[in-house]
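*Asks:* Just so it is clear, I am handing over work_4.txt, which has compact mmCIF, C-alpha atoms.
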# COMPACT_ATOMS: atom_id res chain seq x y z
CA MET A 30 80.05 19.95 -57.83
CA GLU A 31 80.80 20.26 -54.12
CA ILE A 32 79.52 18.85 -50.83
CA ARG A 33 79.70 20.78 -47.56
CA ILE A 34 80.97 18.59 -44.71
CA PHE A 35 81.39 19.52 -41.05
CA GLN A 36 82.88 16.29 -39.70
CA LYS A 37 84.32 12.98 -40.84
CA GLY A 38 85.85 9.91 -39.26
CA PHE A 39 85.81 6.13 -39.04
CA ASN A 40 83.20 4.26 -37.02
CA TYR A 41 82.68 0.55 -36.61
CA SER A 42 79.19 -0.99 -37.03
CA GLN A 43 77.12 1.90 -35.63
CA ASP A 44 76.49 3.65 -38.96
CA GLY A 45 76.11 0.57 -41.10
CA PRO A 46 77.98 -2.73 -41.29
CA GLY A 47 81.71 -3.07 -40.76
CA ASN A 48 84.30 -0.33 -40.55
CA ARG A 49 83.03 2.81 -42.24
CA LEU A 50 84.23 6.24 -43.25
CA VAL A 51 81.42 8.51 -42.08
CA TYR A 52 80.85 11.95 -43.58
CA HIS A 53 78.60 14.42 -41.73
CA LEU A 54 76.98 16.74 -44.25
CA GLN A 55 76.10 20.35 -43.47
CA GLY A 56 72.49 21.55 -43.23
CA CYS A 57 69.24 20.18 -41.84
CA ASN A 58 65.55 20.76 -42.46
CA LEU A 59 64.61 19.94 -38.84
CA HIS A 60 65.35 21.69 -35.57
CA CYS A 61 65.24 18.86 -33.04
CA PRO A 62 66.12 20.40 -29.66
CA TRP A 63 68.09 17.26 -28.66
CA CYS A 64 70.31 17.31 -31.76
CA SER A 65 73.82 16.09 -30.98
CA ASN A 66 75.35 17.95 -33.94
CA PRO A 67 74.01 21.53 -33.74
CA GLU A 68 77.01 22.73 -35.75
CA GLY A 69 75.46 20.90 -38.71
CA LEU A 70 72.04 22.57 -38.60
CA ALA A 71 72.76 25.65 -40.72
CA CYS A 72 73.14 25.19 -44.45
CA SER A 73 76.17 27.48 -44.40
CA GLY A 74 79.34 26.40 -42.67
CA GLY A 75 81.42 23.28 -42.86
CA THR A 76 84.03 22.72 -45.54
CA ALA A 77 83.21 22.57 -49.24
CA ARG A 78 84.85 19.54 -50.88
CA SER A 79 84.68 18.66 -54.54
CA ILE A 80 83.20 15.29 -55.40
CA ASP A 81 86.41 14.43 -57.27
CA ALA A 82 88.43 15.08 -54.11
CA LEU A 83 86.03 13.03 -51.98
CA VAL A 84 86.10 10.09 -54.38
CA ALA A 85 89.89 10.14 -54.35
CA GLU A 86 89.86 10.23 -50.55
CA VAL A 87 87.49 7.28 -50.39
CA GLN A 88 89.62 5.27 -52.78
CA SER A 89 92.69 5.91 -50.64
CA CYS A 90 90.82 4.50 -47.62
CA GLN A 91 89.48 1.30 -49.21
CA MET A 92 91.87 -0.94 -47.29
CA MET A 93 90.11 0.19 -44.11
CA PHE A 94 86.65 -0.98 -45.20
CA PHE A 95 86.89 -4.35 -43.48
CA ASP A 96 84.01 -6.57 -42.30
CA GLY A 97 81.74 -5.32 -45.08
CA GLY A 98 82.45 -1.65 -44.44
CA GLY A 99 82.35 1.32 -46.75
CA ILE A 100 81.01 4.88 -46.75
CA THR A 101 78.17 6.36 -44.70
CA LEU A 102 76.67 9.78 -45.40
CA THR A 103 74.86 11.35 -42.45
CA GLY A 104 74.23 14.85 -41.18
CA GLY A 105 72.77 17.21 -40.62
CA GLU A 106 70.40 15.88 -43.23
CA ILE A 107 71.98 14.53 -46.40
CA THR A 108 69.04 15.37 -48.68
CA MET A 109 69.66 19.09 -48.14
CA GLN A 110 72.48 18.65 -50.69
CA PHE A 111 70.53 16.21 -52.81
CA ASP A 112 72.05 16.58 -56.29
CA ALA A 113 75.61 16.47 -55.01
CA VAL A 114 74.85 13.48 -52.79
CA LYS A 115 73.29 11.63 -55.70
CA GLU A 116 76.35 12.27 -57.86
CA PHE A 117 78.72 11.18 -55.06
CA LEU A 118 76.80 7.96 -54.43
CA THR A 119 76.69 7.23 -58.16
CA ARG A 120 80.47 7.55 -58.37
CA LEU A 121 80.95 5.31 -55.32
CA LYS A 122 78.67 2.59 -56.71
CA GLU A 123 80.61 2.64 -59.99
CA LEU A 124 83.70 1.81 -57.90
CA GLY A 125 81.93 -1.04 -56.12
CA ILE A 126 82.12 0.66 -52.70
CA HIS A 127 79.47 -0.24 -50.12
CA THR A 128 77.25 2.78 -49.43
CA ALA A 129 75.00 3.73 -46.54
CA ILE A 130 72.99 6.83 -45.77
CA GLU A 131 71.25 8.09 -42.66
CA THR A 132 68.26 10.36 -43.28
CA ASN A 133 65.11 11.70 -41.67
CA GLY A 134 63.29 10.75 -44.87
CA ILE A 135 61.62 14.14 -45.35
CA ASN A 136 62.35 14.62 -49.03
CA THR A 137 60.15 13.77 -51.98
CA ARG A 138 63.19 12.70 -54.03
CA LEU A 139 64.60 10.23 -51.53
CA PRO A 140 63.53 7.15 -53.58
CA GLU A 141 65.91 8.32 -56.32
CA LEU A 142 68.75 7.30 -54.00
CA PHE A 143 67.48 3.78 -53.28
CA PRO A 144 69.32 2.13 -56.21
CA LEU A 145 72.56 3.79 -55.07
CA VAL A 146 72.36 2.76 -51.41
CA ASP A 147 73.30 -0.63 -49.96
CA HIS A 148 72.22 0.16 -46.39
CA LEU A 149 69.38 2.60 -45.69
CA ILE A 150 69.12 4.07 -42.18
CA MET A 151 66.06 6.23 -41.49
CA ASP A 152 65.00 8.06 -38.36
CA CYS A 153 61.31 7.92 -37.49
CA LYS A 154 60.87 10.30 -34.60
CA HIS A 155 57.10 10.09 -34.18
CA TYR A 156 53.98 8.32 -35.35
CA ASP A 157 51.92 11.52 -34.87
CA LEU A 158 52.51 14.03 -37.67
CA GLU A 159 51.43 17.10 -35.69
CA LYS A 160 53.47 16.26 -32.61
CA HIS A 161 56.47 15.86 -34.90
CA ARG A 162 55.75 19.24 -36.51
CA THR A 163 55.32 20.99 -33.17
CA VAL A 164 58.70 19.88 -31.82
CA THR A 165 60.89 19.66 -34.93
CA GLY A 166 59.27 22.27 -37.18
CA ILE A 167 58.09 19.94 -39.97
CA SER A 168 55.58 17.11 -40.34
CA ASN A 169 57.15 13.71 -40.98
CA ALA A 170 54.41 12.47 -43.32
CA LEU A 171 57.09 12.03 -46.01
CA THR A 172 59.12 9.90 -43.62
CA HIS A 173 56.22 7.49 -43.25
CA LYS A 174 55.64 7.47 -47.01
CA ASN A 175 59.31 6.89 -47.80
CA ILE A 176 59.56 4.04 -45.29
CA ALA A 177 56.72 2.32 -47.14
CA LEU A 178 58.41 2.99 -50.50
CA ALA A 179 61.74 1.67 -49.20
CA ILE A 180 60.06 -1.52 -48.02
CA ALA A 181 58.28 -1.90 -51.36
CA ALA A 182 61.65 -1.47 -53.10
CA GLY A 183 63.17 -4.26 -51.00
CA LYS A 184 65.63 -1.94 -49.23
CA HIS A 185 65.06 -3.54 -45.80
CA PRO A 186 65.40 -0.17 -44.02
CA ALA A 187 67.10 0.08 -40.64
CA LEU A 188 64.79 2.43 -38.74
CA ARG A 189 65.77 4.33 -35.62
CA ILE A 190 63.73 6.09 -32.96
CA PRO A 191 65.58 8.72 -30.92
CA LEU A 192 63.71 8.06 -27.68
CA ILE A 193 62.98 11.33 -25.86
CA GLY A 194 61.09 11.55 -22.57
CA GLY A 195 58.03 13.80 -22.80
CA PHE A 196 57.99 13.50 -26.59
CA ASN A 197 57.75 9.90 -27.76
CA ALA A 198 58.77 7.54 -24.94
CA SER A 199 55.57 6.63 -23.05
CA ALA A 200 53.73 3.32 -23.19
CA ALA A 201 51.05 5.00 -25.29
CA ASP A 202 53.75 6.20 -27.68
CA ALA A 203 55.10 2.66 -27.98
CA GLU A 204 51.62 1.46 -28.95
CA GLY A 205 51.42 4.26 -31.52
CA PHE A 206 54.69 3.15 -33.09
CA VAL A 207 53.54 -0.50 -33.12
CA LYS A 208 50.48 0.47 -35.13
CA LEU A 209 52.48 2.69 -37.52
CA PHE A 210 55.18 0.11 -38.25
CA ASN A 211 52.70 -2.71 -38.72
CA ASP A 212 50.66 -0.52 -41.07
CA LEU A 213 53.83 0.26 -43.05
CA GLY A 214 54.76 -3.44 -43.27
CA LEU A 215 58.00 -3.29 -41.32
CA PRO A 216 57.91 -6.77 -39.69
CA GLY A 217 59.96 -9.09 -41.90
CA ASN A 218 61.00 -6.22 -44.14
CA GLY A 219 63.20 -4.05 -41.94
CA THR A 220 64.53 -3.49 -38.44
CA LEU A 221 64.14 -0.96 -35.64
CA GLU A 222 66.65 0.37 -33.13
CA LEU A 223 65.91 2.54 -30.09
CA LEU A 224 68.35 5.37 -29.35
CA PRO A 225 67.71 6.70 -25.82
CA TYR A 226 68.22 10.42 -25.22
CA HIS A 227 71.74 11.56 -24.37
CA GLU A 228 73.50 14.89 -23.88
CA PHE A 229 76.56 14.26 -26.04
CA GLY A 230 75.98 17.46 -27.99
CA LYS A 231 75.03 19.72 -25.07
CA ASP A 232 78.34 21.57 -24.79
CA LYS A 233 78.31 22.32 -28.52
CA TYR A 234 75.25 24.57 -28.25
CA LYS A 235 77.07 27.31 -26.37
CA THR A 236 79.91 27.15 -28.89
CA CYS A 237 77.37 27.53 -31.69
CA GLY A 238 75.65 30.45 -29.93
CA LEU A 239 72.50 28.37 -29.39
CA GLU A 240 70.43 27.66 -26.29
CA TYR A 241 70.17 24.06 -25.12
CA THR A 242 66.53 23.73 -24.04
CA MET A 243 66.30 20.06 -23.07
CA THR A 244 65.39 19.28 -19.44
CA ASP A 245 65.60 16.25 -17.17
CA GLU A 246 62.16 15.17 -18.45
CA ALA A 247 63.91 13.94 -21.60
CA ARG A 248 65.94 11.31 -19.77
CA ILE A 249 65.09 7.66 -20.38
CA THR A 250 65.28 5.36 -17.36
CA PRO A 251 66.10 1.65 -17.71
CA ALA A 252 62.50 0.87 -16.72
CA MET A 253 61.11 3.17 -19.44
CA LEU A 254 63.35 1.58 -22.05
CA ALA A 255 62.46 -1.96 -20.96
CA GLN A 256 58.74 -1.18 -21.10
CA PHE A 257 59.04 0.42 -24.53
CA ARG A 258 61.00 -2.55 -25.87
CA GLN A 259 58.51 -5.02 -24.43
CA ILE A 260 55.53 -3.30 -26.08
CA LEU A 261 57.25 -3.16 -29.46
CA THR A 262 58.39 -6.77 -29.28
CA ALA A 263 54.93 -7.94 -28.24
CA GLY A 264 53.55 -6.01 -31.21
CA GLY A 265 55.75 -7.93 -33.63
CA ILE A 266 58.27 -5.16 -34.33
CA PRO A 267 61.84 -6.48 -34.85
CA LEU A 268 64.36 -4.72 -32.60
CA ILE A 269 68.14 -4.66 -33.01
CA ARG A 270 71.03 -3.14 -31.06
CA THR A 271 74.23 -1.85 -32.68
For this file, write the structure as structure tokens.

*Replies:*
Amino acid sequence: MEIRIFQKGFNYSQDGPGNRLVYHLQGCNLHCPWCSNPEGLACSGGTARSIDALVAEVQSCQMMFFDGGGITLTGGEITMQFDAVKEFLTRLKELGIHTAIETNGINTRLPELFPLVDHLIMDCKHYDLEKHRTVTGISNALTHKNIALAIAAGKHPALRIPLIGGFNASAADAEGFVKLFNDLGLPGNGTLELLPYHEFGKDKYKTCGLEYTMTDEARITPAMLAQFRQILTAGGIPLIRT
């Protein structure tokens, strides 16, 4: 069994605890116009690596997993290669290696991975299912459902909102997220981090033969971020910064 990967490298604390070897998996089921890794959107591409080869690579890097580090699988969207990901995580857990995944949560089988994951990172891009569908191409109803299931399973999910002006960054949007996360039972059972819009992937679009459609409206000012944080905090939603 193989996994298609378009990027890998070490990162400290931003993709889970400690120093981590991060694999970016090819393919995504969303088409977020702000995506910072457009080269990972198509299911084709990347480099096919056997799970045996990846496990051997991970084992050779174990001395680098300091401060509670380990392996993080991100994307793209990892659940696009679900069976291979499940097998890889199973092998890593058998070796006692700390595992983390980052996912948009839009997969009915995601709970199958919960027992294999030590640190669960989930994006929640919107509280409104239709607004999410209009911009990304798919409703995120499964994201909401899987957040609730992760909380019920005691996974203490680390949620992230990519904060995009004109999409989900107004005061009214903050109130919408407060209601969603309280309804899902996040306070006391998980955390939330805000990731303000950036253009780190802009230059990649031309290389990939894609048009970058984001405008200045997407930018998040310090005042917008402070207001958003204040509304969430006042609503009892636990915020973190990594």

*Asks:* I'd like the interatomic distance between atom CA of Glu246 of chain A and atom CA of Cys153 of chain A, to a tenth of an Å.

*Replies:*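 Result for atom CA of Glu246 of chain A versus atom CA of Cys153 of chain A: 20.4 Å, one decimal.
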
*Asks:* With distances taken over all atoms listed in the file, which residue among A:Leu223, A:Val207, A:Leu139, A:Ile190 lies nearest Lys174 of chain A?

*Replies:*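 Going through A:Leu223, A:Val207, A:Leu139, A:Ile190 one by one, the smallest distance to Lys174 of chain A is for A:Leu139.
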
*Asks:* Can you tell me how far atom CA of His161 of chain A sits from atom CA of Thr101 of chain A, in Å to one decimal?

*Replies:*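 Rounded to one decimal, the two atoms are 25.6 Å apart.
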
*Asks:* Go through A:Leu50, A:Ile249, A:Leu171, A:Leu261 one by one, measure the shortest atom-to-atom distance of each to Cys90 of chain A using all atoms listed in the file, and give the residue with the smallest value.

*Replies:* A:Leu50

*Asks:* Using only C-alpha atoms, which of A:Ser65, A:Asn40, A:Thr132, A:Ser168 sits nearest His227 of chain A?

*Replies:*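 Going through A:Ser65, A:Asn40, A:Thr132, A:Ser168 one by one, the smallest distance to His227 of chain A is for A:Ser65.
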
*Asks:* Could segment 133-168 of chain A be completed with N, CA and C atoms and written as an mmCIF file, in the frame of the given file, please?

*Replies:*
data_model
loop_
_atom_site.group_PDB
_atom_site.id
_atom_site.type_symbol
_atom_site.label_atom_id
_atom_site.label_comp_id
_atom_site.auth_asym_id
_atom_site.auth_seq_id
_atom_site.Cartn_x
_atom_site.Cartn_y
_atom_site.Cartn_z
ATOM 1 N N ASN A 133 66.422 11.598 -42.330
ATOM 2 C CA ASN A 133 65.110 11.700 -41.670
ATOM 3 C C ASN A 133 63.975 11.395 -42.641
ATOM 4 N N GLY A 134 64.293 11.190 -43.897
ATOM 5 C CA GLY A 134 63.290 10.750 -44.870
ATOM 6 C C GLY A 134 62.348 11.822 -45.362
ATOM 7 N N ILE A 135 62.576 13.090 -44.993
ATOM 8 C CA ILE A 135 61.620 14.140 -45.350
ATOM 9 C C ILE A 135 62.088 14.834 -46.635
ATOM 10 N N ASN A 136 61.993 14.090 -47.719
ATOM 11 C CA ASN A 136 62.350 14.620 -49.030
ATOM 12 C C ASN A 136 61.633 13.796 -50.089
ATOM 13 N N THR A 137 60.926 14.475 -50.972
ATOM 14 C CA THR A 137 60.150 13.770 -51.980
ATOM 15 C C THR A 137 61.029 12.978 -52.945
ATOM 16 N N ARG A 138 62.293 13.355 -53.071
ATOM 17 C CA ARG A 138 63.190 12.700 -54.030
ATOM 18 C C ARG A 138 63.971 11.533 -53.436
ATOM 19 N N LEU A 139 63.787 11.266 -52.164
ATOM 20 C CA LEU A 139 64.600 10.230 -51.530
ATOM 21 C C LEU A 139 64.616 8.912 -52.304
ATOM 22 N N PRO A 140 63.487 8.421 -52.851
ATOM 23 C CA PRO A 140 63.530 7.150 -53.580
ATOM 24 C C PRO A 140 64.515 7.113 -54.745
ATOM 25 N N GLU A 141 64.911 8.294 -55.264
ATOM 26 C CA GLU A 141 65.910 8.320 -56.320
ATOM 27 C C GLU A 141 67.249 7.738 -55.855
ATOM 28 N N LEU A 142 67.484 7.786 -54.541
ATOM 29 C CA LEU A 142 68.750 7.300 -54.000
ATOM 30 C C LEU A 142 68.741 5.804 -53.713
ATOM 31 N N PHE A 143 67.566 5.197 -53.673
ATOM 32 C CA PHE A 143 67.480 3.780 -53.280
ATOM 33 C C PHE A 143 68.398 2.871 -54.105
ATOM 34 N N PRO A 144 68.441 3.025 -55.439
ATOM 35 C CA PRO A 144 69.320 2.130 -56.210
ATOM 36 C C PRO A 144 70.806 2.335 -55.933
ATOM 37 N N LEU A 145 71.158 3.451 -55.312
ATOM 38 C CA LEU A 145 72.560 3.790 -55.070
ATOM 39 C C LEU A 145 73.016 3.461 -53.656
ATOM 40 N N VAL A 146 72.089 2.951 -52.836
ATOM 41 C CA VAL A 146 72.360 2.760 -51.410
ATOM 42 C C VAL A 146 72.257 1.283 -51.051
ATOM 43 N N ASP A 147 73.306 0.765 -50.413
ATOM 44 C CA ASP A 147 73.300 -0.630 -49.960
ATOM 45 C C ASP A 147 72.663 -0.787 -48.583
ATOM 46 N N HIS A 148 72.756 0.233 -47.756
ATOM 47 C CA HIS A 148 72.220 0.160 -46.390
ATOM 48 C C HIS A 148 71.522 1.475 -46.084
ATOM 49 N N LEU A 149 70.206 1.409 -45.891
ATOM 50 C CA LEU A 149 69.380 2.600 -45.690
ATOM 51 C C LEU A 149 68.982 2.720 -44.230
ATOM 52 N N ILE A 150 69.465 3.782 -43.572
ATOM 53 C CA ILE A 150 69.120 4.070 -42.180
ATOM 54 C C ILE A 150 68.189 5.276 -42.179
ATOM 55 N N MET A 151 67.020 5.127 -41.542
ATOM 56 C CA MET A 151 66.060 6.230 -41.490
ATOM 57 C C MET A 151 65.596 6.455 -40.063
ATOM 58 N N ASP A 152 65.610 7.703 -39.636
ATOM 59 C CA ASP A 152 65.000 8.060 -38.360
ATOM 60 C C ASP A 152 63.490 8.173 -38.539
ATOM 61 N N CYS A 153 62.758 7.682 -37.554
ATOM 62 C CA CYS A 153 61.310 7.920 -37.490
ATOM 63 C C CYS A 153 61.030 8.398 -36.080
ATOM 64 N N LYS A 154 60.912 9.705 -35.930
ATOM 65 C CA LYS A 154 60.870 10.300 -34.600
ATOM 66 C C LYS A 154 59.490 10.267 -33.958
ATOM 67 N N HIS A 155 58.450 10.130 -34.762
ATOM 68 C CA HIS A 155 57.100 10.090 -34.180
ATOM 69 C C HIS A 155 56.115 9.461 -35.155
ATOM 70 N N TYR A 156 55.082 8.874 -34.564
ATOM 71 C CA TYR A 156 53.980 8.320 -35.350
ATOM 72 C C TYR A 156 52.914 9.381 -35.588
ATOM 73 N N ASP A 157 52.919 10.455 -34.783
ATOM 74 C CA ASP A 157 51.920 11.520 -34.870
ATOM 75 C C ASP A 157 52.520 12.700 -35.635
ATOM 76 N N LEU A 158 51.935 13.021 -36.781
ATOM 77 C CA LEU A 158 52.510 14.030 -37.670
ATOM 78 C C LEU A 158 52.546 15.414 -37.023
ATOM 79 N N GLU A 159 51.490 15.774 -36.286
ATOM 80 C CA GLU A 159 51.430 17.100 -35.690
ATOM 81 C C GLU A 159 52.371 17.245 -34.507
ATOM 82 N N LYS A 160 52.513 16.194 -33.715
ATOM 83 C CA LYS A 160 53.470 16.260 -32.610
ATOM 84 C C LYS A 160 54.888 16.411 -33.155
ATOM 85 N N HIS A 161 55.162 15.720 -34.254
ATOM 86 C CA HIS A 161 56.470 15.860 -34.900
ATOM 87 C C HIS A 161 56.668 17.290 -35.381
ATOM 88 N N ARG A 162 55.650 17.871 -35.992
ATOM 89 C CA ARG A 162 55.750 19.240 -36.510
ATOM 90 C C ARG A 162 55.968 20.234 -35.372
ATOM 91 N N THR A 163 55.228 20.057 -34.290
ATOM 92 C CA THR A 163 55.320 20.990 -33.170
ATOM 93 C C THR A 163 56.727 21.063 -32.593
ATOM 94 N N VAL A 164 57.396 19.926 -32.482
ATOM 95 C CA VAL A 164 58.700 19.880 -31.820
ATOM 96 C C VAL A 164 59.863 20.102 -32.782
ATOM 97 N N THR A 165 59.761 19.587 -34.002
ATOM 98 C CA THR A 165 60.890 19.660 -34.930
ATOM 99 C C THR A 165 60.739 20.725 -36.009
ATOM 100 N N GLY A 166 59.513 21.222 -36.195
ATOM 101 C CA GLY A 166 59.270 22.270 -37.180
ATOM 102 C C GLY A 166 58.637 21.791 -38.475
ATOM 103 N N ILE A 167 58.622 20.477 -38.720
ATOM 104 C CA ILE A 167 58.090 19.940 -39.970
ATOM 105 C C ILE A 167 57.350 18.632 -39.680
ATOM 106 N N SER A 168 56.249 18.403 -40.392
ATOM 107 C CA SER A 168 55.580 17.110 -40.340
ATOM 108 C C SER A 168 56.487 16.035 -40.933
#
